[in-house]
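entry-v8.txt follows (compact mmCIF, C-alpha atoms and all ligand atoms):
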```
# COMPACT_ATOMS: atom_id res chain seq x y z
CA MET A 1 -33.22 -6.07 -12.66
CA PRO A 2 -31.57 -8.26 -15.31
CA ALA A 3 -27.89 -8.90 -14.56
CA GLU A 4 -26.88 -7.35 -17.91
CA GLU A 5 -28.60 -4.08 -17.13
CA ALA A 6 -27.10 -3.95 -13.63
CA LYS A 7 -23.63 -4.45 -15.08
CA GLY A 8 -24.25 -1.48 -17.35
CA ARG A 9 -24.47 0.74 -14.28
CA LEU A 10 -20.97 -0.18 -13.09
CA THR A 11 -18.11 2.04 -14.12
CA GLN A 12 -14.48 2.52 -13.21
CA SER A 13 -14.32 5.92 -14.85
CA VAL A 14 -14.11 8.84 -12.44
CA SER A 15 -14.83 11.32 -15.23
CA GLU A 16 -17.99 9.44 -16.28
CA ALA A 17 -19.14 9.46 -12.63
CA ALA A 18 -18.33 13.17 -12.26
CA HIS A 19 -20.24 13.95 -15.43
CA ALA A 20 -23.34 12.11 -14.21
CA LEU A 21 -23.17 13.92 -10.86
CA ARG A 22 -22.88 17.34 -12.49
CA ALA A 23 -25.95 16.45 -14.56
CA GLY A 24 -27.89 15.92 -11.29
CA GLY A 25 -27.61 12.13 -11.26
CA LEU A 26 -27.35 9.62 -8.43
CA VAL A 27 -23.94 7.96 -8.35
CA ALA A 28 -22.75 5.50 -5.74
CA PHE A 29 -19.04 5.67 -5.00
CA PRO A 30 -16.61 3.85 -2.74
CA THR A 31 -15.22 5.42 0.40
CA GLU A 32 -12.82 3.86 2.89
CA THR A 33 -15.80 3.10 5.17
CA VAL A 34 -18.80 2.01 3.08
CA TYR A 35 -20.21 2.97 -0.34
CA GLY A 36 -21.98 6.32 -0.47
CA LEU A 37 -25.04 7.22 -2.56
CA GLY A 38 -23.85 10.54 -3.93
CA ALA A 39 -25.54 13.54 -5.49
CA ASP A 40 -24.87 17.26 -5.97
CA ALA A 41 -25.24 18.73 -2.46
CA THR A 42 -26.00 22.16 -3.92
CA SER A 43 -29.09 20.93 -5.79
CA ASP A 44 -32.48 20.48 -4.09
CA ARG A 45 -33.60 18.13 -6.84
CA ALA A 46 -30.52 15.93 -6.64
CA VAL A 47 -30.63 15.75 -2.83
CA ALA A 48 -34.37 15.02 -2.87
CA ALA A 49 -33.60 12.12 -5.23
CA ILE A 50 -31.32 10.60 -2.57
CA PHE A 51 -34.10 10.67 0.05
CA ALA A 52 -36.52 9.13 -2.45
CA ALA A 53 -34.11 6.40 -3.59
CA LYS A 54 -33.31 5.28 -0.04
CA GLU A 55 -36.84 5.92 1.26
CA ARG A 56 -35.01 7.82 3.97
CA PRO A 57 -37.07 9.78 6.51
CA ARG A 58 -36.86 13.48 5.68
CA PHE A 59 -35.80 14.35 9.23
CA ASN A 60 -32.54 12.43 8.85
CA PRO A 61 -29.82 14.79 7.54
CA LEU A 62 -27.04 13.82 5.11
CA ILE A 63 -23.25 14.00 5.29
CA VAL A 64 -21.72 16.44 2.81
CA HIS A 65 -18.48 15.05 1.35
CA VAL A 66 -15.76 17.54 0.56
CA ARG A 67 -12.23 17.53 -0.83
CA ASP A 68 -10.64 19.12 2.20
CA SER A 69 -11.18 21.51 5.10
CA ALA A 70 -10.90 24.54 2.80
CA GLN A 71 -13.98 23.38 0.90
CA ALA A 72 -15.77 22.48 4.16
CA LYS A 73 -15.23 26.02 5.43
CA GLU A 74 -17.40 27.36 2.59
CA PHE A 75 -20.33 25.65 4.30
CA VAL A 76 -19.70 25.43 8.06
CA GLU A 77 -18.06 27.36 10.90
CA PHE A 78 -14.98 25.70 12.35
CA SER A 79 -14.08 25.99 16.03
CA PRO A 80 -10.50 25.47 17.28
CA ILE A 81 -11.42 21.94 18.45
CA ALA A 82 -12.92 21.12 15.06
CA GLU A 83 -9.73 22.42 13.47
CA LYS A 84 -7.64 20.07 15.65
CA LEU A 85 -9.79 17.08 14.75
CA VAL A 86 -9.56 17.82 11.06
CA GLN A 87 -5.78 18.21 11.28
CA ALA A 88 -5.55 14.82 12.96
CA PHE A 89 -8.08 12.78 10.97
CA TRP A 90 -8.77 14.25 7.52
CA PRO A 91 -8.88 12.93 4.97
CA GLY A 92 -10.41 9.99 6.78
CA PRO A 93 -13.43 8.40 8.45
CA LEU A 94 -14.39 11.24 10.81
CA THR A 95 -17.55 13.29 10.24
CA LEU A 96 -17.98 16.61 12.02
CA VAL A 97 -21.36 18.23 12.66
CA LEU A 98 -20.81 21.98 12.62
CA PRO A 99 -22.88 25.18 12.46
CA ARG A 100 -24.10 25.90 8.95
CA ARG A 101 -22.92 29.18 7.46
CA GLU A 102 -25.76 31.43 6.46
CA GLN A 103 -24.40 31.93 2.95
CA ALA A 104 -23.62 28.24 2.46
CA LYS A 105 -24.40 27.26 -1.12
CA LEU A 106 -25.90 23.91 -0.16
CA SER A 107 -29.39 22.53 -0.49
CA LEU A 108 -31.27 23.04 2.80
CA LEU A 109 -32.41 19.44 2.50
CA VAL A 110 -28.98 18.12 3.54
CA SER A 111 -29.53 19.65 7.00
CA ALA A 112 -33.08 18.29 7.32
CA GLY A 113 -34.21 21.39 9.18
CA LEU A 114 -31.25 21.55 11.60
CA ASP A 115 -28.90 24.54 11.72
CA THR A 116 -25.87 22.29 11.26
CA VAL A 117 -24.19 20.40 8.43
CA ALA A 118 -22.23 17.15 8.76
CA VAL A 119 -19.02 17.32 6.73
CA ARG A 120 -16.39 14.72 5.94
CA ALA A 121 -13.38 14.48 3.61
CA PRO A 122 -13.04 10.79 2.68
CA ALA A 123 -9.62 9.19 2.26
CA HIS A 124 -10.45 6.59 -0.40
CA PRO A 125 -8.42 7.40 -3.53
CA LEU A 126 -11.44 7.04 -5.85
CA ALA A 127 -13.62 9.22 -3.62
CA ARG A 128 -10.87 11.83 -3.55
CA SER A 129 -10.40 11.79 -7.33
CA LEU A 130 -14.15 12.03 -7.76
CA LEU A 131 -14.48 15.03 -5.42
CA GLU A 132 -11.57 16.65 -7.23
CA ALA A 133 -13.04 15.98 -10.68
CA VAL A 134 -16.61 16.99 -9.86
CA GLY A 135 -15.73 20.22 -8.06
CA ILE A 136 -19.04 20.36 -6.16
CA PRO A 137 -19.69 18.98 -2.65
CA LEU A 138 -21.46 15.60 -2.64
CA ALA A 139 -24.27 14.68 -0.30
CA ALA A 140 -23.88 10.96 0.34
CA PRO A 141 -25.53 8.69 2.86
CA SER A 142 -24.56 5.02 2.92
CA ALA A 143 -25.68 3.38 -0.34
CA ASN A 144 -28.38 1.09 1.08
CA PRO A 145 -32.16 1.32 1.39
CA SER A 146 -32.96 3.16 4.65
CA GLY A 147 -32.74 0.92 7.71
CA LYS A 148 -30.94 -1.89 5.88
CA VAL A 149 -27.36 -3.16 6.08
CA SER A 150 -24.78 -0.76 4.59
CA ALA A 151 -23.06 -1.69 1.32
CA THR A 152 -19.35 -2.45 1.26
CA SER A 153 -19.11 -3.51 -2.39
CA ALA A 154 -20.50 -2.38 -5.74
CA ASP A 155 -22.54 -5.61 -5.95
CA HIS A 156 -24.20 -4.86 -2.62
CA VAL A 157 -25.08 -1.38 -3.85
CA ILE A 158 -26.66 -2.82 -7.00
CA GLU A 159 -28.57 -5.38 -4.91
CA GLY A 160 -30.27 -2.67 -2.85
CA LEU A 161 -30.49 0.35 -5.13
CA GLY A 162 -29.62 -0.90 -8.64
CA GLU A 163 -33.03 0.01 -10.06
CA ILE A 164 -32.80 3.63 -9.06
CA LEU A 165 -29.26 4.91 -9.34
CA ASP A 166 -27.51 6.07 -12.49
CA LEU A 167 -24.01 4.70 -11.92
CA VAL A 168 -21.85 2.87 -9.42
CA LEU A 169 -18.18 3.78 -9.38
CA ASP A 170 -16.68 0.36 -8.67
CA GLY A 171 -13.72 0.40 -6.30
CA GLY A 172 -13.94 -3.17 -5.00
CA SER A 173 -14.43 -3.80 -1.28
CA ALA A 174 -14.57 -0.79 1.04
CA PRO A 175 -11.45 -1.35 3.19
CA LEU A 176 -12.68 -0.33 6.68
CA GLY A 177 -16.21 -1.67 6.32
CA ILE A 178 -17.86 0.40 9.06
CA GLU A 179 -19.14 3.96 8.76
CA SER A 180 -17.35 7.11 9.87
CA THR A 181 -17.38 8.30 13.46
CA VAL A 182 -19.74 11.27 13.83
CA VAL A 183 -18.72 13.99 16.30
CA GLY A 184 -20.88 17.00 17.12
CA PHE A 185 -20.54 19.83 19.63
CA GLU A 186 -22.66 20.81 22.63
CA ASN A 187 -21.78 24.03 24.43
CA GLY A 188 -18.50 23.94 22.57
CA LYS A 189 -17.63 20.44 23.85
CA PRO A 190 -17.20 17.52 21.45
CA VAL A 191 -19.78 14.73 21.77
CA LEU A 192 -19.83 11.32 20.13
CA LEU A 193 -22.98 11.12 17.98
CA ARG A 194 -22.11 7.82 16.30
CA PRO A 195 -19.20 5.48 17.08
CA GLY A 196 -17.38 4.52 13.89
CA ALA A 197 -14.14 3.78 12.12
CA VAL A 198 -12.05 6.26 14.11
CA THR A 199 -12.04 4.96 17.68
CA ARG A 200 -13.10 7.00 20.71
CA ALA A 201 -9.61 6.47 22.17
CA ASP A 202 -7.93 7.96 19.08
CA ILE A 203 -10.19 11.02 19.18
CA GLU A 204 -9.75 11.47 22.93
CA LYS A 205 -5.97 11.51 22.46
CA VAL A 206 -6.45 14.67 20.41
CA VAL A 207 -9.28 16.54 22.19
CA GLY A 208 -9.73 14.90 25.58
CA PRO A 209 -12.88 13.10 26.82
CA LEU A 210 -15.85 12.94 24.45
CA GLY A 211 -19.24 13.69 25.93
CA ARG A 212 -22.54 11.93 25.36
CA PRO A 213 -25.21 13.88 23.50
CA ALA A 214 -27.50 15.37 26.17
CA GLY A 215 -30.42 16.65 24.08
CA LYS A 216 -33.88 15.13 24.38
CA ALA A 217 -34.26 15.20 20.63
CA ILE A 218 -32.29 12.57 18.74
CA ALA A 219 -29.00 14.43 18.28
CA SER A 220 -28.06 12.33 15.30
CA PRO A 221 -31.35 11.33 13.73
CA GLY A 222 -29.78 8.33 11.97
CA GLN A 223 -29.20 6.71 15.35
CA LEU A 224 -32.63 5.13 15.48
CA ALA A 225 -32.84 1.91 17.48
CA SER A 226 -33.74 -0.40 14.61
CA HIS A 227 -31.27 -0.01 11.76
CA TYR A 228 -29.00 -2.26 9.72
CA ALA A 229 -31.94 -4.65 9.96
CA PRO A 230 -31.47 -8.06 8.38
CA ARG A 231 -34.52 -10.27 7.91
CA ALA A 232 -33.12 -12.93 10.23
CA ARG A 233 -33.40 -12.57 14.04
CA LEU A 234 -30.15 -11.76 15.83
CA ARG A 235 -29.27 -12.88 19.36
CA LEU A 236 -26.23 -11.07 20.77
CA ASN A 237 -23.46 -11.99 23.24
CA VAL A 238 -24.31 -15.69 23.16
CA ASP A 239 -22.34 -18.26 25.11
CA ALA A 240 -24.18 -21.23 23.62
CA VAL A 241 -25.76 -21.81 20.21
CA ARG A 242 -29.43 -22.90 20.16
CA PRO A 243 -30.75 -25.57 17.78
CA GLY A 244 -31.26 -24.20 14.26
CA GLU A 245 -29.14 -21.10 14.72
CA SER A 246 -26.35 -19.95 12.45
CA LEU A 247 -23.34 -18.41 14.15
CA LEU A 248 -21.60 -15.11 13.60
CA ALA A 249 -18.36 -15.94 15.38
CA PHE A 250 -15.50 -13.89 16.74
CA GLY A 251 -12.39 -15.86 17.68
CA LYS A 252 -12.83 -19.62 18.26
CA PRO A 253 -16.38 -20.54 17.14
CA LEU A 254 -18.86 -22.04 19.62
CA PRO A 255 -20.02 -25.53 18.64
CA GLY A 256 -23.42 -26.60 17.37
CA ALA A 257 -24.29 -24.03 14.69
CA VAL A 258 -26.03 -24.86 11.42
CA ARG A 259 -23.52 -22.61 9.69
CA VAL A 260 -20.55 -20.59 10.92
CA VAL A 261 -19.28 -17.32 9.52
CA ASN A 262 -16.31 -15.88 11.39
CA LEU A 263 -15.81 -12.11 11.71
CA SER A 264 -12.20 -12.78 12.69
CA ALA A 265 -10.79 -16.16 13.65
CA ALA A 266 -7.78 -14.32 15.09
CA GLY A 267 -10.05 -12.09 17.23
CA ASP A 268 -8.92 -8.96 15.38
CA LEU A 269 -11.40 -6.05 15.63
CA LYS A 270 -10.20 -4.35 12.46
CA GLU A 271 -10.77 -7.51 10.46
CA ALA A 272 -14.16 -7.96 12.16
CA ALA A 273 -15.26 -4.41 11.24
CA ALA A 274 -14.24 -4.95 7.62
CA ASN A 275 -16.24 -8.21 7.46
CA LEU A 276 -19.32 -7.20 9.48
CA PHE A 277 -21.81 -5.98 6.87
CA ALA A 278 -20.84 -8.47 4.16
CA MET A 279 -21.16 -11.36 6.63
CA LEU A 280 -24.53 -10.13 7.94
CA ARG A 281 -25.72 -10.19 4.32
CA THR A 282 -24.35 -13.67 3.71
CA LEU A 283 -26.04 -15.06 6.82
CA ASP A 284 -29.23 -13.20 6.09
CA ASN A 285 -29.54 -14.95 2.73
CA THR A 286 -29.46 -18.37 4.39
CA ALA A 287 -30.31 -18.15 8.10
CA MET A 288 -33.56 -17.63 10.03
CA ALA A 289 -31.81 -17.07 13.34
CA ILE A 290 -28.30 -15.77 13.94
CA ALA A 291 -26.40 -16.13 17.20
CA VAL A 292 -23.60 -13.58 17.62
CA MET A 293 -20.60 -14.21 19.87
CA PRO A 294 -19.47 -11.43 22.24
CA ILE A 295 -17.27 -8.71 20.75
CA PRO A 296 -15.07 -6.72 23.16
CA GLN A 297 -16.21 -3.12 23.59
CA ASP A 298 -12.78 -1.50 23.25
CA GLY A 299 -11.38 0.15 20.11
CA LEU A 300 -13.46 -0.60 17.00
CA GLY A 301 -15.58 -2.92 19.16
CA GLU A 302 -17.70 0.08 20.24
CA ALA A 303 -18.76 0.73 16.63
CA ILE A 304 -19.23 -2.96 15.82
CA ASN A 305 -21.43 -3.51 18.90
CA ASP A 306 -23.43 -0.36 18.08
CA ARG A 307 -24.28 -1.77 14.63
CA LEU A 308 -25.07 -5.24 16.04
CA MET A 309 -27.40 -3.78 18.68
CA ARG A 310 -29.33 -1.89 16.02
CA ALA A 311 -29.43 -4.96 13.78
CA ALA A 312 -30.88 -6.94 16.70
CA ALA A 313 -33.38 -4.30 17.88
CA PRO A 314 -37.13 -4.98 17.51
CA ARG A 315 -38.44 -3.58 14.22
CA SER A 316 -40.65 -0.54 14.41
O1 LIG B 401 -18.84 6.52 6.55
C1 LIG B 401 -19.86 7.23 6.40
O2 LIG B 401 -20.15 8.14 7.17
C2 LIG B 401 -20.72 6.93 5.17
C3 LIG B 401 -19.90 7.24 3.92
C4 LIG B 401 -20.73 7.10 2.65
O3 LIG B 401 -19.34 8.54 4.02
N1 LIG B 401 -21.93 7.70 5.22
C5 LIG B 401 -22.93 7.45 6.11
O4 LIG B 401 -24.03 8.26 5.96
O5 LIG B 401 -22.84 6.59 6.96
P1 LIG B 401 -25.44 7.95 6.67
O6 LIG B 401 -26.37 8.93 6.09
O7 LIG B 401 -25.78 6.53 6.52
O8 LIG B 401 -25.17 8.32 8.16
C6 LIG B 401 -24.95 9.66 8.52
C7 LIG B 401 -25.20 9.87 9.97
C8 LIG B 401 -26.66 9.68 10.32
O9 LIG B 401 -26.72 9.04 11.58
C9 LIG B 401 -27.18 11.10 10.39
O10 LIG B 401 -28.29 11.25 11.23
C10 LIG B 401 -25.97 11.84 10.93
O11 LIG B 401 -24.87 11.22 10.30
N2 LIG B 401 -26.01 13.26 10.55
C11 LIG B 401 -25.89 13.81 9.32
N3 LIG B 401 -26.03 15.14 9.37
C12 LIG B 401 -26.20 15.46 10.67
C13 LIG B 401 -26.43 16.68 11.38
N4 LIG B 401 -26.48 17.86 10.74
N5 LIG B 401 -26.59 16.61 12.72
C14 LIG B 401 -26.54 15.44 13.37
N6 LIG B 401 -26.35 14.25 12.76
C15 LIG B 401 -26.19 14.26 11.42
MG MG B 402 -26.47 4.61 6.84
```

So that I can check it, write out the structure of this file as structure tokens.
Amino acid sequence: MPAEEAKGRLTQSVSEAAHALRAGGLVAFPTETVYGLGADATSDRAVAAIFAAKERPRFNPLIVHVRDSAQAKEFVEFSPIAEKLVQAFWPGPLTLVLPRREQAKLSLLVSAGLDTVAVRAPAHPLARSLLEAVGIPLAAPSANPSGKVSATSADHVIEGLGEILDLVLDGGSAPLGIESTVVGFENGKPVLLRPGAVTRADIEKVVGPLGRPAGKAIASPGQLASHYAPRARLRLNVDAVRPGESLLAFGKPLPGAVRVVNLSAAGDLKEAAANLFAMLRTLDNTAMAIAVMPIPQDGLGEAINDRLMRAAAPRS
């Protein structure tokens, strides 16, 4: 798409974005984690347009973004544990998968055939103003073509989906840079469906140990092995760079790389999470092979390593 035309899709006006959403449009907006590709969650047509734009498999359900827990309760049943989690982490980067209320005024497509809905109240000021202004719940997956690297800036959204969406509400870089943590429930016990921006340790402080999803079916259908796939090949946990490789470093870079991009020279996981997707894009535009230094598994490292493993997985 010509640069001029792409620029025309960018806006900083919350009311313009809200208007487009109420008219059934597709509007990308910033959240504290990554940009979301938003549409009216009550409209089958609008939600179907999200699946089409991303070429997202129909079996992969969408997160419904809400203002607060009061709005969420119109759509899902809260348990006491869910209540505790919401008290501790909303608004913020925690998504809860909860039983769908029978009378929920939401498109069935957001649940993709499951009897649950994933809900989250984002903390980003622009996302909050937008949800306030628009009044309706917004279905919003990450604003990237399905299986590709998530978008942490308006430019990245335009790069992947600029042809298809109506507007991008431009809020600069998404501050956390990694998606929300998704927690579901099995037999009333909380289980970690996707590690993310709220760490396991922080959640466990509030509700005790998190279980692993036990089901044979993919509990969180978005957790497919190959995801966040760059074109370049990734090699993880390297202790030596091979000839021709570019390096995604963490801490003091290993020698010998064609090009070095450092997630955090100081070895800070928060900084690394914020840089991850943008740096994968940068390397992907120039490198054929990317060596990735080890990232510790504690704190945000669990989410970072989850994304790197999917980025490195063989393509289906
Ligand atoms: O930070 C985020 O969560 C971002 C921003 C835009 O809010 N959104 C995001 O959406 O990452 P998406 O669609 O890329 O990932 C949502 C994940 C997927 O793995 C999906 O399978 C899972 O949540 N999910 C959604 N609804 C679910 C449900 N009812 N049951 C189980 N998993 C669900
Ligand atoms: Mg995604």

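Counting from CA of Leu269 (chain A), the distance to CA of Val168 (chain A) is 28.6 Å.
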
Practice prompt. Select the residues contacting ligand MG 402 (chain B) at a distance of at most 10 Å, based on all atoms listed in the file, then format the selection as a list of chain:residue names.
Written response: A:Val34, A:Tyr35, A:Gly36, A:Leu37, A:Lys54, A:Arg56, A:Leu62, A:Ala140, A:Pro141, A:Ser142, A:Ala143, A:Asn144, A:Pro145, A:Ser146, A:Gly147, A:Lys148, A:Val149, A:Ser150, A:Ala151, A:Ile178, A:Glu179, A:Ser180, A:Gly222, A:Gln223, A:His227, A:Tyr228

Report as JSON the centre and the edge lengths, in Å to one decimal, of the axis-aligned box holding every listed atom of region 282-294 of chain A, padded by 6 Å on each side.
```
{"center_x": -26.5, "center_y": -14.9, "center_z": 12.5, "size_x": 26.1, "size_y": 18.9, "size_z": 31.5}
```

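Comparing A:Ala72, A:Ala123, A:Ile290, A:Ala201 by their smallest distance to ligand LIG 401 (chain B), the closest is A:Ala123 (using only C-alpha atoms and all ligand atoms).
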
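Taking CA of Ala82 (chain A) as the reference point, CA of His65 (chain A) is found at 16.0 Å.
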
Worksheet item: What residues have an atom no more than 10 Å from (-23.8, 24.1, 9.4) in the file's own frame, counting all atoms listed in the file, and can you write them as a list in words?
Response: Ala72, Lys73, Glu74, Phe75, Val76, Glu77, Phe78, Leu96, Val97, Leu98, Pro99, Arg100, Arg101, Glu102, Ala104, Leu106, Val110, Ser111, Leu114, Asp115, Thr116, Val117, Ala118 and Val119 of chain A

Worksheet item: How many Å lie between CA of Val198 (chain A) and CA of Gly177 (chain A), rounded to one decimal?
Response: 11.9 Å

Worksheet item: From the list A:Leu234, A:Val241, A:Ile295, A:Leu193, which residue is nearest Arg315 (chain A) when using only C-alpha atoms?
Response: A:Leu234

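Among the candidate residues A:Ala313, A:Leu236, A:Ala303, A:Ala249, the one lying nearest to Thr181 (chain A) is A:Ala303, with distances computed using all atoms listed in the file.
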
Response to the item:
Using all atoms listed in the file, the shortest atom-to-atom distance to Val86 (chain A) among A:Leu138, A:Leu176, A:Val207, A:Ala46 belongs to A:Val207

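The residue that comes closest to ligand LIG 401 (chain B), out of A:Leu192, A:Val134, A:Ala70, A:Leu165 and on the basis of only C-alpha atoms and all ligand atoms, is A:Leu192.
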
Item to complete: Considering only C-alpha atoms and all ligand atoms, state which residue in the set A:Pro122, A:Leu26, A:Thr11, A:Gln297 is at the smallest distance from ligand LIG 401 (chain B).
Response: A:Pro122

Discussion item. With all atoms listed in the file as the counted atoms, please give the residues lying no more than 8 Å from region 230-233 of chain A, apart from itself and same-chain residues fewer than 3 positions off, as a PyMOL selection string.
Written reply: chain A and resi 148-149+280-281+284+287-290+311-312

Item to complete: In the coordinates of the file, take the point (-24.4, 11.4, -14.5) and a cut-off of 12 Å; then, counting all atoms listed in the file, name each qualifying protein, DNA or RNA residue as an NGL selection string.
Response: :A and (9 or 11 or 13-28 or 38-40 or 46 or 134 or 165-169)

Write the selection just made, keeping C-alpha atoms, as an mmCIF file, in the frame of the given file?
```cif
data_model
loop_
_atom_site.group_PDB
_atom_site.id
_atom_site.type_symbol
_atom_site.label_atom_id
_atom_site.label_comp_id
_atom_site.auth_asym_id
_atom_site.auth_seq_id
_atom_site.Cartn_x
_atom_site.Cartn_y
_atom_site.Cartn_z
ATOM 1 C CA ARG A 9 -24.470 0.740 -14.280
ATOM 2 C CA THR A 11 -18.110 2.040 -14.120
ATOM 3 C CA SER A 13 -14.320 5.920 -14.850
ATOM 4 C CA VAL A 14 -14.110 8.840 -12.440
ATOM 5 C CA SER A 15 -14.830 11.320 -15.230
ATOM 6 C CA GLU A 16 -17.990 9.440 -16.280
ATOM 7 C CA ALA A 17 -19.140 9.460 -12.630
ATOM 8 C CA ALA A 18 -18.330 13.170 -12.260
ATOM 9 C CA HIS A 19 -20.240 13.950 -15.430
ATOM 10 C CA ALA A 20 -23.340 12.110 -14.210
ATOM 11 C CA LEU A 21 -23.170 13.920 -10.860
ATOM 12 C CA ARG A 22 -22.880 17.340 -12.490
ATOM 13 C CA ALA A 23 -25.950 16.450 -14.560
ATOM 14 C CA GLY A 24 -27.890 15.920 -11.290
ATOM 15 C CA GLY A 25 -27.610 12.130 -11.260
ATOM 16 C CA LEU A 26 -27.350 9.620 -8.430
ATOM 17 C CA VAL A 27 -23.940 7.960 -8.350
ATOM 18 C CA ALA A 28 -22.750 5.500 -5.740
ATOM 19 C CA GLY A 38 -23.850 10.540 -3.930
ATOM 20 C CA ALA A 39 -25.540 13.540 -5.490
ATOM 21 C CA ASP A 40 -24.870 17.260 -5.970
ATOM 22 C CA ALA A 46 -30.520 15.930 -6.640
ATOM 23 C CA VAL A 134 -16.610 16.990 -9.860
ATOM 24 C CA LEU A 165 -29.260 4.910 -9.340
ATOM 25 C CA ASP A 166 -27.510 6.070 -12.490
ATOM 26 C CA LEU A 167 -24.010 4.700 -11.920
ATOM 27 C CA VAL A 168 -21.850 2.870 -9.420
ATOM 28 C CA LEU A 169 -18.180 3.780 -9.380
#
```

Could you pull region 163-180 of chain A out of the block above and save it with N, CA and C atoms, as an mmCIF file, in the first residue's frame?
```
data_model
loop_
_atom_site.group_PDB
_atom_site.id
_atom_site.type_symbol
_atom_site.label_atom_id
_atom_site.label_comp_id
_atom_site.auth_asym_id
_atom_site.auth_seq_id
_atom_site.Cartn_x
_atom_site.Cartn_y
_atom_site.Cartn_z
ATOM 1 N N GLU A 163 -3.701 -3.083 4.691
ATOM 2 C CA GLU A 163 -4.617 -3.140 3.549
ATOM 3 C C GLU A 163 -6.059 -3.344 3.988
ATOM 4 N N ILE A 164 -6.231 -3.982 5.144
ATOM 5 C CA ILE A 164 -7.539 -4.511 5.484
ATOM 6 C C ILE A 164 -8.259 -3.706 6.547
ATOM 7 N N LEU A 165 -7.505 -3.090 7.465
ATOM 8 C CA LEU A 165 -8.225 -2.456 8.578
ATOM 9 C C LEU A 165 -8.648 -1.034 8.241
ATOM 10 N N ASP A 166 -9.592 -0.525 9.027
ATOM 11 C CA ASP A 166 -10.134 0.805 8.762
ATOM 12 C C ASP A 166 -9.277 1.888 9.385
ATOM 13 N N LEU A 167 -8.835 1.675 10.625
ATOM 14 C CA LEU A 167 -8.078 2.698 11.348
ATOM 15 C C LEU A 167 -7.095 2.030 12.301
ATOM 16 N N VAL A 168 -6.025 2.757 12.602
ATOM 17 C CA VAL A 168 -5.135 2.371 13.699
ATOM 18 C C VAL A 168 -5.080 3.547 14.659
ATOM 19 N N LEU A 169 -5.476 3.312 15.886
ATOM 20 C CA LEU A 169 -5.348 4.322 16.925
ATOM 21 C C LEU A 169 -3.887 4.268 17.380
ATOM 22 N N ASP A 170 -3.162 5.345 17.103
ATOM 23 C CA ASP A 170 -1.701 5.333 17.308
ATOM 24 C C ASP A 170 -1.354 5.784 18.718
ATOM 25 N N GLY A 171 -0.804 4.869 19.495
ATOM 26 C CA GLY A 171 -0.391 5.212 20.856
ATOM 27 C C GLY A 171 1.093 4.981 21.069
ATOM 28 N N GLY A 172 1.876 5.006 19.980
ATOM 29 C CA GLY A 172 3.316 4.775 20.122
ATOM 30 C C GLY A 172 3.606 3.324 20.466
ATOM 31 N N SER A 173 4.754 3.079 21.085
ATOM 32 C CA SER A 173 5.149 1.699 21.403
ATOM 33 C C SER A 173 4.311 1.144 22.543
ATOM 34 N N ALA A 174 3.911 -0.128 22.406
ATOM 35 C CA ALA A 174 3.206 -0.800 23.504
ATOM 36 C C ALA A 174 4.223 -1.040 24.621
ATOM 37 N N PRO A 175 3.963 -0.552 25.836
ATOM 38 C CA PRO A 175 5.010 -0.533 26.865
ATOM 39 C C PRO A 175 5.512 -1.903 27.335
ATOM 40 N N LEU A 176 4.642 -2.909 27.484
ATOM 41 C CA LEU A 176 5.125 -4.191 28.018
ATOM 42 C C LEU A 176 5.683 -5.083 26.913
ATOM 43 N N GLY A 177 5.060 -5.057 25.741
ATOM 44 C CA GLY A 177 5.631 -5.722 24.580
ATOM 45 C C GLY A 177 5.353 -7.207 24.457
ATOM 46 N N ILE A 178 4.766 -7.822 25.465
ATOM 47 C CA ILE A 178 4.449 -9.251 25.378
ATOM 48 C C ILE A 178 2.990 -9.417 25.813
ATOM 49 N N GLU A 179 2.295 -10.393 25.228
ATOM 50 C CA GLU A 179 0.857 -10.487 25.436
ATOM 51 C C GLU A 179 0.479 -10.825 26.878
ATOM 52 N N SER A 180 -0.805 -10.657 27.154
ATOM 53 C CA SER A 180 -1.332 -10.931 28.491
ATOM 54 C C SER A 180 -1.160 -12.399 28.868
#
```
